[in-house]
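For reference, coords_35.pdb is printed below; it contains PDB, C-alpha atoms.
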```pdb
ATOM      1  CA  MET D   1      54.166  87.182 207.892
ATOM      2  CA  GLY D   2      51.774  89.206 210.017
ATOM      3  CA  VAL D   3      50.122  92.489 209.131
ATOM      4  CA  LYS D   4      52.945  93.571 206.856
ATOM      5  CA  GLY D   5      52.525  90.474 204.686
ATOM      6  CA  GLN D   6      48.767  90.877 204.577
ATOM      7  CA  ALA D   7      49.125  94.520 203.533
ATOM      8  CA  ALA D   8      51.548  93.532 200.781
ATOM      9  CA  ALA D   9      49.118  90.906 199.482
ATOM     10  CA  LEU D  10      46.278  93.412 199.501
ATOM     11  CA  GLU D  11      48.384  95.959 197.647
ATOM     12  CA  ALA D  12      49.333  93.338 195.067
ATOM     13  CA  LEU D  13      45.654  92.538 194.525
ATOM     14  CA  ILE D  14      44.774  96.220 194.087
ATOM     15  CA  LEU D  15      47.629  96.713 191.611
ATOM     16  CA  ALA D  16      46.487  93.643 189.656
ATOM     17  CA  LEU D  17      42.911  94.940 189.438
ATOM     18  CA  ARG D  18      44.175  98.301 188.170
ATOM     19  CA  ARG D  19      45.421  96.555 185.035
ATOM     20  CA  LEU D  20      41.812  96.315 183.859
ATOM     21  CA  PRO D  21      40.729  99.087 181.446
ATOM     22  CA  GLY D  22      38.823 101.902 183.089
ATOM     23  CA  VAL D  23      39.690 100.765 186.623
ATOM     24  CA  GLY D  24      41.488 103.416 188.637
ATOM     25  CA  ALA D  25      42.996 103.267 192.111
ATOM     26  CA  LYS D  26      39.713 103.887 193.952
ATOM     27  CA  SER D  27      37.734 101.321 191.936
ATOM     28  CA  ALA D  28      40.474  98.710 192.295
ATOM     29  CA  GLN D  29      40.554  99.258 196.035
ATOM     30  CA  ARG D  30      36.770  98.949 196.252
ATOM     31  CA  PHE D  31      36.772  95.710 194.235
ATOM     32  CA  ALA D  32      39.543  94.227 196.372
ATOM     33  CA  TYR D  33      37.818  95.055 199.654
ATOM     34  CA  HIS D  34      34.488  93.733 198.353
ATOM     35  CA  LEU D  35      35.974  90.403 197.299
ATOM     36  CA  LEU D  36      37.896  89.930 200.532
ATOM     37  CA  GLN D  37      35.128  91.112 202.835
ATOM     38  CA  HIS D  38      31.968  89.835 201.154
ATOM     39  CA  ASP D  39      32.796  87.268 198.464
ATOM     40  CA  ARG D  40      35.933  85.245 199.073
ATOM     41  CA  GLU D  41      34.372  82.297 197.251
ATOM     42  CA  GLY D  42      33.722  84.560 194.267
ATOM     43  CA  ALA D  43      37.351  85.696 194.387
ATOM     44  CA  LEU D  44      38.494  82.074 194.144
ATOM     45  CA  VAL D  45      36.100  81.423 191.244
ATOM     46  CA  LEU D  46      37.366  84.543 189.474
ATOM     47  CA  GLY D  47      40.994  83.577 190.007
ATOM     48  CA  ALA D  48      40.410  80.023 188.758
ATOM     49  CA  ALA D  49      38.500  81.246 185.705
ATOM     50  CA  LEU D  50      41.263  83.695 184.790
ATOM     51  CA  THR D  51      43.935  81.023 185.160
ATOM     52  CA  HIS D  52      41.934  78.524 183.093
ATOM     53  CA  ALA D  53      41.254  81.091 180.348
ATOM     54  CA  VAL D  54      44.907  82.128 180.075
ATOM     55  CA  GLU D  55      46.020  78.496 179.917
ATOM     56  CA  THR D  56      43.452  77.269 177.368
ATOM     57  CA  ILE D  57      42.466  80.165 175.098
ATOM     58  CA  ARG D  58      44.624  80.717 172.045
ATOM     59  CA  HIS D  59      44.439  82.532 168.716
ATOM     60  CA  CYS D  60      42.701  80.836 165.799
ATOM     61  CA  ALA D  61      45.265  79.778 163.204
ATOM     62  CA  ARG D  62      43.035  81.168 160.440
ATOM     63  CA  CYS D  63      41.358  84.343 161.685
ATOM     64  CA  ASN D  64      43.351  85.189 164.841
ATOM     65  CA  THR D  65      40.308  85.446 167.139
ATOM     66  CA  PHE D  66      40.152  83.822 170.580
ATOM     67  CA  THR D  67      39.371  80.100 170.648
ATOM     68  CA  GLU D  68      40.177  76.938 172.552
ATOM     69  CA  LEU D  69      40.622  75.090 169.254
ATOM     70  CA  GLU D  70      43.298  75.258 166.571
ATOM     71  CA  ILE D  71      40.656  76.536 164.138
ATOM     72  CA  CYS D  72      37.669  78.411 165.581
ATOM     73  CA  GLU D  73      34.086  77.290 164.956
ATOM     74  CA  THR D  74      33.392  80.190 162.574
ATOM     75  CA  CYS D  75      36.358  79.395 160.324
ATOM     76  CA  ALA D  76      35.514  75.683 160.401
ATOM     77  CA  SER D  77      31.850  76.164 159.518
ATOM     78  CA  PRO D  78      30.865  75.033 155.997
ATOM     79  CA  ARG D  79      27.954  77.482 156.132
ATOM     80  CA  ARG D  80      30.201  80.567 155.987
ATOM     81  CA  ASN D  81      30.810  82.328 152.660
ATOM     82  CA  PRO D  82      34.551  82.027 151.871
ATOM     83  CA  ALA D  83      34.343  84.806 149.282
ATOM     84  CA  LEU D  84      33.906  87.457 152.022
ATOM     85  CA  LEU D  85      36.471  88.422 154.655
ATOM     86  CA  CYS D  86      35.579  91.018 157.292
ATOM     87  CA  VAL D  87      38.570  92.609 159.060
ATOM     88  CA  VAL D  88      37.876  93.839 162.604
ATOM     89  CA  GLU D  89      40.058  95.171 165.395
ATOM     90  CA  THR D  90      39.003  92.929 168.297
ATOM     91  CA  PRO D  91      37.030  89.773 169.125
ATOM     92  CA  ALA D  92      34.425  92.080 170.710
ATOM     93  CA  ASP D  93      33.996  93.802 167.324
ATOM     94  CA  GLN D  94      33.616  90.411 165.652
ATOM     95  CA  LEU D  95      30.868  89.527 168.126
ATOM     96  CA  MET D  96      29.049  92.779 167.364
ATOM     97  CA  VAL D  97      29.105  92.069 163.619
ATOM     98  CA  GLU D  98      27.844  88.528 164.256
ATOM     99  CA  GLN D  99      24.960  89.870 166.330
ATOM    100  CA  THR D 100      23.673  91.845 163.341
ATOM    101  CA  LEU D 101      22.717  88.501 161.702
ATOM    102  CA  SER D 102      23.448  90.176 158.361
ATOM    103  CA  TYR D 103      26.908  88.798 157.593
ATOM    104  CA  ASP D 104      27.738  85.201 156.673
ATOM    105  CA  GLY D 105      31.362  85.526 155.590
ATOM    106  CA  LEU D 106      34.622  84.906 157.428
ATOM    107  CA  TYR D 107      36.762  87.162 159.621
ATOM    108  CA  PHE D 108      40.263  88.296 160.405
ATOM    109  CA  VAL D 109      40.840  89.869 163.832
ATOM    110  CA  LEU D 110      43.747  92.320 164.024
ATOM    111  CA  MET D 111      43.884  92.459 167.843
ATOM    112  CA  GLY D 112      44.510  96.190 167.605
ATOM    113  CA  ARG D 113      44.968  99.037 165.154
ATOM    114  CA  LEU D 114      47.926 101.018 163.867
ATOM    115  CA  SER D 115      49.149 103.555 166.421
ATOM    116  CA  PRO D 116      52.811 104.504 165.866
ATOM    117  CA  LEU D 117      52.898 106.727 168.954
ATOM    118  CA  ASP D 118      51.997 103.680 171.061
ATOM    119  CA  GLY D 119      54.457 101.420 169.268
ATOM    120  CA  VAL D 120      51.749  99.534 167.360
ATOM    121  CA  GLY D 121      52.842  98.931 163.784
ATOM    122  CA  PRO D 122      51.962  96.453 161.012
ATOM    123  CA  ARG D 123      53.688  93.594 162.832
ATOM    124  CA  GLU D 124      51.676  94.111 166.024
ATOM    125  CA  ILE D 125      48.353  93.893 164.140
ATOM    126  CA  HIS D 126      49.459  90.714 162.334
ATOM    127  CA  LEU D 127      49.343  92.321 158.885
ATOM    128  CA  GLU D 128      51.510  89.607 157.331
ATOM    129  CA  ARG D 129      48.984  86.963 158.425
ATOM    130  CA  LEU D 130      46.130  89.031 156.982
ATOM    131  CA  LEU D 131      47.884  89.362 153.621
ATOM    132  CA  ALA D 132      48.566  85.615 153.583
ATOM    133  CA  ARG D 133      44.890  84.990 154.322
ATOM    134  CA  ALA D 134      43.903  87.394 151.548
ATOM    135  CA  ALA D 135      45.725  85.138 149.089
ATOM    136  CA  ASP D 136      43.009  82.462 149.470
ATOM    137  CA  SER D 137      41.803  81.505 146.007
ATOM    138  CA  GLY D 138      38.090  81.829 146.768
ATOM    139  CA  LEU D 139      38.284  85.280 148.377
ATOM    140  CA  ARG D 140      36.592  88.053 146.390
ATOM    141  CA  GLU D 141      35.932  90.928 148.808
ATOM    142  CA  VAL D 142      37.610  92.232 151.950
ATOM    143  CA  ILE D 143      35.414  94.382 154.193
ATOM    144  CA  LEU D 144      37.403  96.763 156.389
ATOM    145  CA  ALA D 145      35.388  97.111 159.591
ATOM    146  CA  THR D 146      37.872  98.982 161.744
ATOM    147  CA  SER D 147      36.542 101.712 164.007
ATOM    148  CA  PHE D 148      35.911 105.242 162.735
ATOM    149  CA  THR D 149      38.569 106.737 164.985
ATOM    150  CA  GLN D 150      41.663 108.430 163.594
ATOM    151  CA  GLU D 151      43.720 105.288 164.174
ATOM    152  CA  GLY D 152      40.987 103.030 162.780
ATOM    153  CA  GLU D 153      40.707 105.120 159.614
ATOM    154  CA  ALA D 154      44.499 105.118 159.154
ATOM    155  CA  THR D 155      44.572 101.346 159.626
ATOM    156  CA  ALA D 156      41.804 100.846 157.061
ATOM    157  CA  HIS D 157      43.564 103.096 154.535
ATOM    158  CA  TYR D 158      46.898 101.317 154.967
ATOM    159  CA  MET D 159      45.382  97.854 154.647
ATOM    160  CA  GLY D 160      43.179  98.940 151.757
ATOM    161  CA  GLU D 161      46.140 100.036 149.657
ATOM    162  CA  LEU D 162      47.959  96.735 150.203
ATOM    163  CA  LEU D 163      44.889  94.602 149.524
ATOM    164  CA  LYS D 164      43.840  96.491 146.387
ATOM    165  CA  ALA D 165      47.369  96.027 145.032
ATOM    166  CA  ARG D 166      46.646  92.299 145.195
ATOM    167  CA  GLY D 167      43.625  92.663 142.942
ATOM    168  CA  LEU D 168      40.984  92.285 145.643
ATOM    169  CA  SER D 169      37.743  94.204 145.964
ATOM    170  CA  VAL D 170      38.086  96.221 149.166
ATOM    171  CA  THR D 171      35.124  97.899 150.872
ATOM    172  CA  ARG D 172      34.665  99.950 154.038
ATOM    173  CA  LEU D 173      31.701 100.081 156.402
ATOM    174  CA  ALA D 174      29.303 102.869 155.471
ATOM    175  CA  ARG D 175      29.165 106.013 157.578
ATOM    176  CA  GLY D 176      26.101 104.789 159.416
ATOM    177  CA  VAL D 177      28.646 104.070 162.135
ATOM    178  CA  PRO D 178      29.270 107.418 163.894
ATOM    179  CA  ALA D 179      32.656 109.063 163.333
ATOM    180  CA  GLY D 180      35.031 108.571 166.229
ATOM    181  CA  SER D 181      33.134 105.544 167.523
ATOM    182  CA  GLU D 182      34.376 102.182 168.734
ATOM    183  CA  LEU D 183      32.595  99.403 166.838
ATOM    184  CA  GLU D 184      32.195  97.414 170.051
ATOM    185  CA  TYR D 185      29.851 100.089 171.458
ATOM    186  CA  VAL D 186      27.684 100.617 168.350
ATOM    187  CA  ASP D 187      24.265  98.952 168.319
ATOM    188  CA  ALA D 188      23.780  95.922 166.089
ATOM    189  CA  SER D 189      21.153  97.588 163.859
ATOM    190  CA  THR D 190      23.546 100.422 162.947
ATOM    191  CA  ILE D 191      26.313  97.955 162.134
ATOM    192  CA  ALA D 192      23.915  95.905 159.987
ATOM    193  CA  HIS D 193      23.029  99.014 157.925
ATOM    194  CA  ALA D 194      26.705  99.905 157.626
ATOM    195  CA  LEU D 195      27.491  96.417 156.343
ATOM    196  CA  ARG D 196      24.729  96.559 153.726
ATOM    197  CA  ASP D 197      25.749 100.039 152.570
ATOM    198  CA  ARG D 198      29.496  99.447 152.609
ATOM    199  CA  ARG D 199      31.464 101.409 150.026
ATOM    200  CA  ALA D 200      34.526 100.787 147.889
ATOM    201  CA  VAL D 201      37.800 102.000 149.360
ATOM    202  CA  ASP D 202      39.205 104.925 147.388
TER     203      ASP D 202
END
```
Kindly transcribe the structure held in the file into structure tokens.
Amino acid sequence: MGVKGQAAALEALILALRRLPGVGAKSAQRFAYHLLQHDREGALVLGAALTHAVETIRHCARCNTFTELEICETCASPRRNPALLCVVETPADQLMVEQTLSYDGLYFVLMGRLSPLDGVGPREIHLERLLARAADSGLREVILATSFTQEGEATAHYMGELLKARGLSVTRLARGVPAGSELEYVDASTIAHALRDRRAVD
């Protein structure tokens, strides 16, 4: 197809890279040129890894996190405390809580937070699945570990009202986590303190 075809392929690559969060036009262009000029083998590895991940990674049937299995290893572990359920926004948030080494319960991953202006409502954060999970007979406490952003607070309040109406003890991470922060970017020690000092939801 000549130069025109090559230019179209390059443009398609740049546009694809721009889909990544925080990657603008200049960064995408730089990444594309680097891969094509200096690391074509790396580009093939990256492409194969992305394809394999998309084809094999699914959502856990119990907690909704990413896994290659029907039920993730955390949900399947007999060492986890089934009386505790920690609700987080993303798998990255779940990982951060795990890294505190101070929580041994189970999880539910929303894959987002309520944001009506962006078209994200209860259905998009799998609220029906969470409420079904909250009906487990051994569950005693639900810890709302959404971020302390405006949307995260609104999500926690909305879920808290529904869960308390079902007779569950509902707690929220303590304010050791800075207001306006994304849980993914908070250090593990701060999250550990927030877990220990969690408070009841009003």
Report the distance between atom CA of D:Leu17 and atom CA of D:Gly112 in Å, rounded to one decimal place.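 One can read the atom CA of D:Leu17 to atom CA of D:Gly112 distance as 21.9 Å.
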Evaluate the PyMOL selection byres ((chain D and resi 186) around 12) against this structure - the residues, as a PDB file with C-alpha atoms, in the coordinates of the input, please.
```pdb
ATOM      1  CA  ALA D  92      34.425  92.080 170.710  1.00  0.00           C
ATOM      2  CA  ASP D  93      33.996  93.802 167.324  1.00  0.00           C
ATOM      3  CA  LEU D  95      30.868  89.527 168.126  1.00  0.00           C
ATOM      4  CA  MET D  96      29.049  92.779 167.364  1.00  0.00           C
ATOM      5  CA  VAL D  97      29.105  92.069 163.619  1.00  0.00           C
ATOM      6  CA  GLN D  99      24.960  89.870 166.330  1.00  0.00           C
ATOM      7  CA  THR D 100      23.673  91.845 163.341  1.00  0.00           C
ATOM      8  CA  SER D 147      36.542 101.712 164.007  1.00  0.00           C
ATOM      9  CA  PHE D 148      35.911 105.242 162.735  1.00  0.00           C
ATOM     10  CA  GLY D 176      26.101 104.789 159.416  1.00  0.00           C
ATOM     11  CA  VAL D 177      28.646 104.070 162.135  1.00  0.00           C
ATOM     12  CA  PRO D 178      29.270 107.418 163.894  1.00  0.00           C
ATOM     13  CA  ALA D 179      32.656 109.063 163.333  1.00  0.00           C
ATOM     14  CA  GLY D 180      35.031 108.571 166.229  1.00  0.00           C
ATOM     15  CA  SER D 181      33.134 105.544 167.523  1.00  0.00           C
ATOM     16  CA  GLU D 182      34.376 102.182 168.734  1.00  0.00           C
ATOM     17  CA  LEU D 183      32.595  99.403 166.838  1.00  0.00           C
ATOM     18  CA  GLU D 184      32.195  97.414 170.051  1.00  0.00           C
ATOM     19  CA  TYR D 185      29.851 100.089 171.458  1.00  0.00           C
ATOM     20  CA  ASP D 187      24.265  98.952 168.319  1.00  0.00           C
ATOM     21  CA  ALA D 188      23.780  95.922 166.089  1.00  0.00           C
ATOM     22  CA  SER D 189      21.153  97.588 163.859  1.00  0.00           C
ATOM     23  CA  THR D 190      23.546 100.422 162.947  1.00  0.00           C
ATOM     24  CA  ILE D 191      26.313  97.955 162.134  1.00  0.00           C
ATOM     25  CA  ALA D 192      23.915  95.905 159.987  1.00  0.00           C
ATOM     26  CA  HIS D 193      23.029  99.014 157.925  1.00  0.00           C
ATOM     27  CA  ALA D 194      26.705  99.905 157.626  1.00  0.00           C
TER      28      ALA D 194
END
```
Given the PyMOL selection byres ((chain D and resi 64) around 8) and the file above, list the residues it selects as a PyMOL selection string. chain D and resi 59-63+65-66+108-111
Would you write out those residues with C-alpha atoms, as a tab-separated table (two decimals), in the frame of the given file?
```tsv
chain	number	residue	atom	x	y	z
D	59	HIS	CA	44.44	82.53	168.72
D	60	CYS	CA	42.70	80.84	165.80
D	61	ALA	CA	45.26	79.78	163.20
D	62	ARG	CA	43.04	81.17	160.44
D	63	CYS	CA	41.36	84.34	161.68
D	65	THR	CA	40.31	85.45	167.14
D	66	PHE	CA	40.15	83.82	170.58
D	108	PHE	CA	40.26	88.30	160.40
D	109	VAL	CA	40.84	89.87	163.83
D	110	LEU	CA	43.75	92.32	164.02
D	111	MET	CA	43.88	92.46	167.84
```
Picked residues, the PyMOL selection byres ((chain D and resi 36-52) around 12), as JSON, numbers by chain: {"D": [6, 9, 10, 13, 14, 16, 17, 29, 30, 31, 32, 33, 34, 35, 53, 54, 55, 56, 57, 58, 68]}
Can you spit out the residues from that selection as a short mmCIF file (atom, residue, chain, number, x, y, z; two decimals), keeping the file's coordinate frame, using C-alpha atoms?
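To be explicit, this is the file written out as selection.cif:
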```
data_model
loop_
_atom_site.label_atom_id
_atom_site.label_comp_id
_atom_site.auth_asym_id
_atom_site.auth_seq_id
_atom_site.Cartn_x
_atom_site.Cartn_y
_atom_site.Cartn_z
CA GLN D 6 48.77 90.88 204.58
CA ALA D 9 49.12 90.91 199.48
CA LEU D 10 46.28 93.41 199.50
CA LEU D 13 45.65 92.54 194.52
CA ILE D 14 44.77 96.22 194.09
CA ALA D 16 46.49 93.64 189.66
CA LEU D 17 42.91 94.94 189.44
CA GLN D 29 40.55 99.26 196.04
CA ARG D 30 36.77 98.95 196.25
CA PHE D 31 36.77 95.71 194.24
CA ALA D 32 39.54 94.23 196.37
CA TYR D 33 37.82 95.06 199.65
CA HIS D 34 34.49 93.73 198.35
CA LEU D 35 35.97 90.40 197.30
CA ALA D 53 41.25 81.09 180.35
CA VAL D 54 44.91 82.13 180.08
CA GLU D 55 46.02 78.50 179.92
CA THR D 56 43.45 77.27 177.37
CA ILE D 57 42.47 80.17 175.10
CA ARG D 58 44.62 80.72 172.04
CA GLU D 68 40.18 76.94 172.55
#
```
Box along x, y and z, 6 Å on every side, all listed atoms of stretch 79-91 of chain D inside: centre and edge lengths in Å to one decimal, as lines of an AutoDock Vina configuration file.
```
center_x = 34.0
center_y = 86.3
center_z = 159.2
size_x = 24.1
size_y = 29.7
size_z = 31.8
```
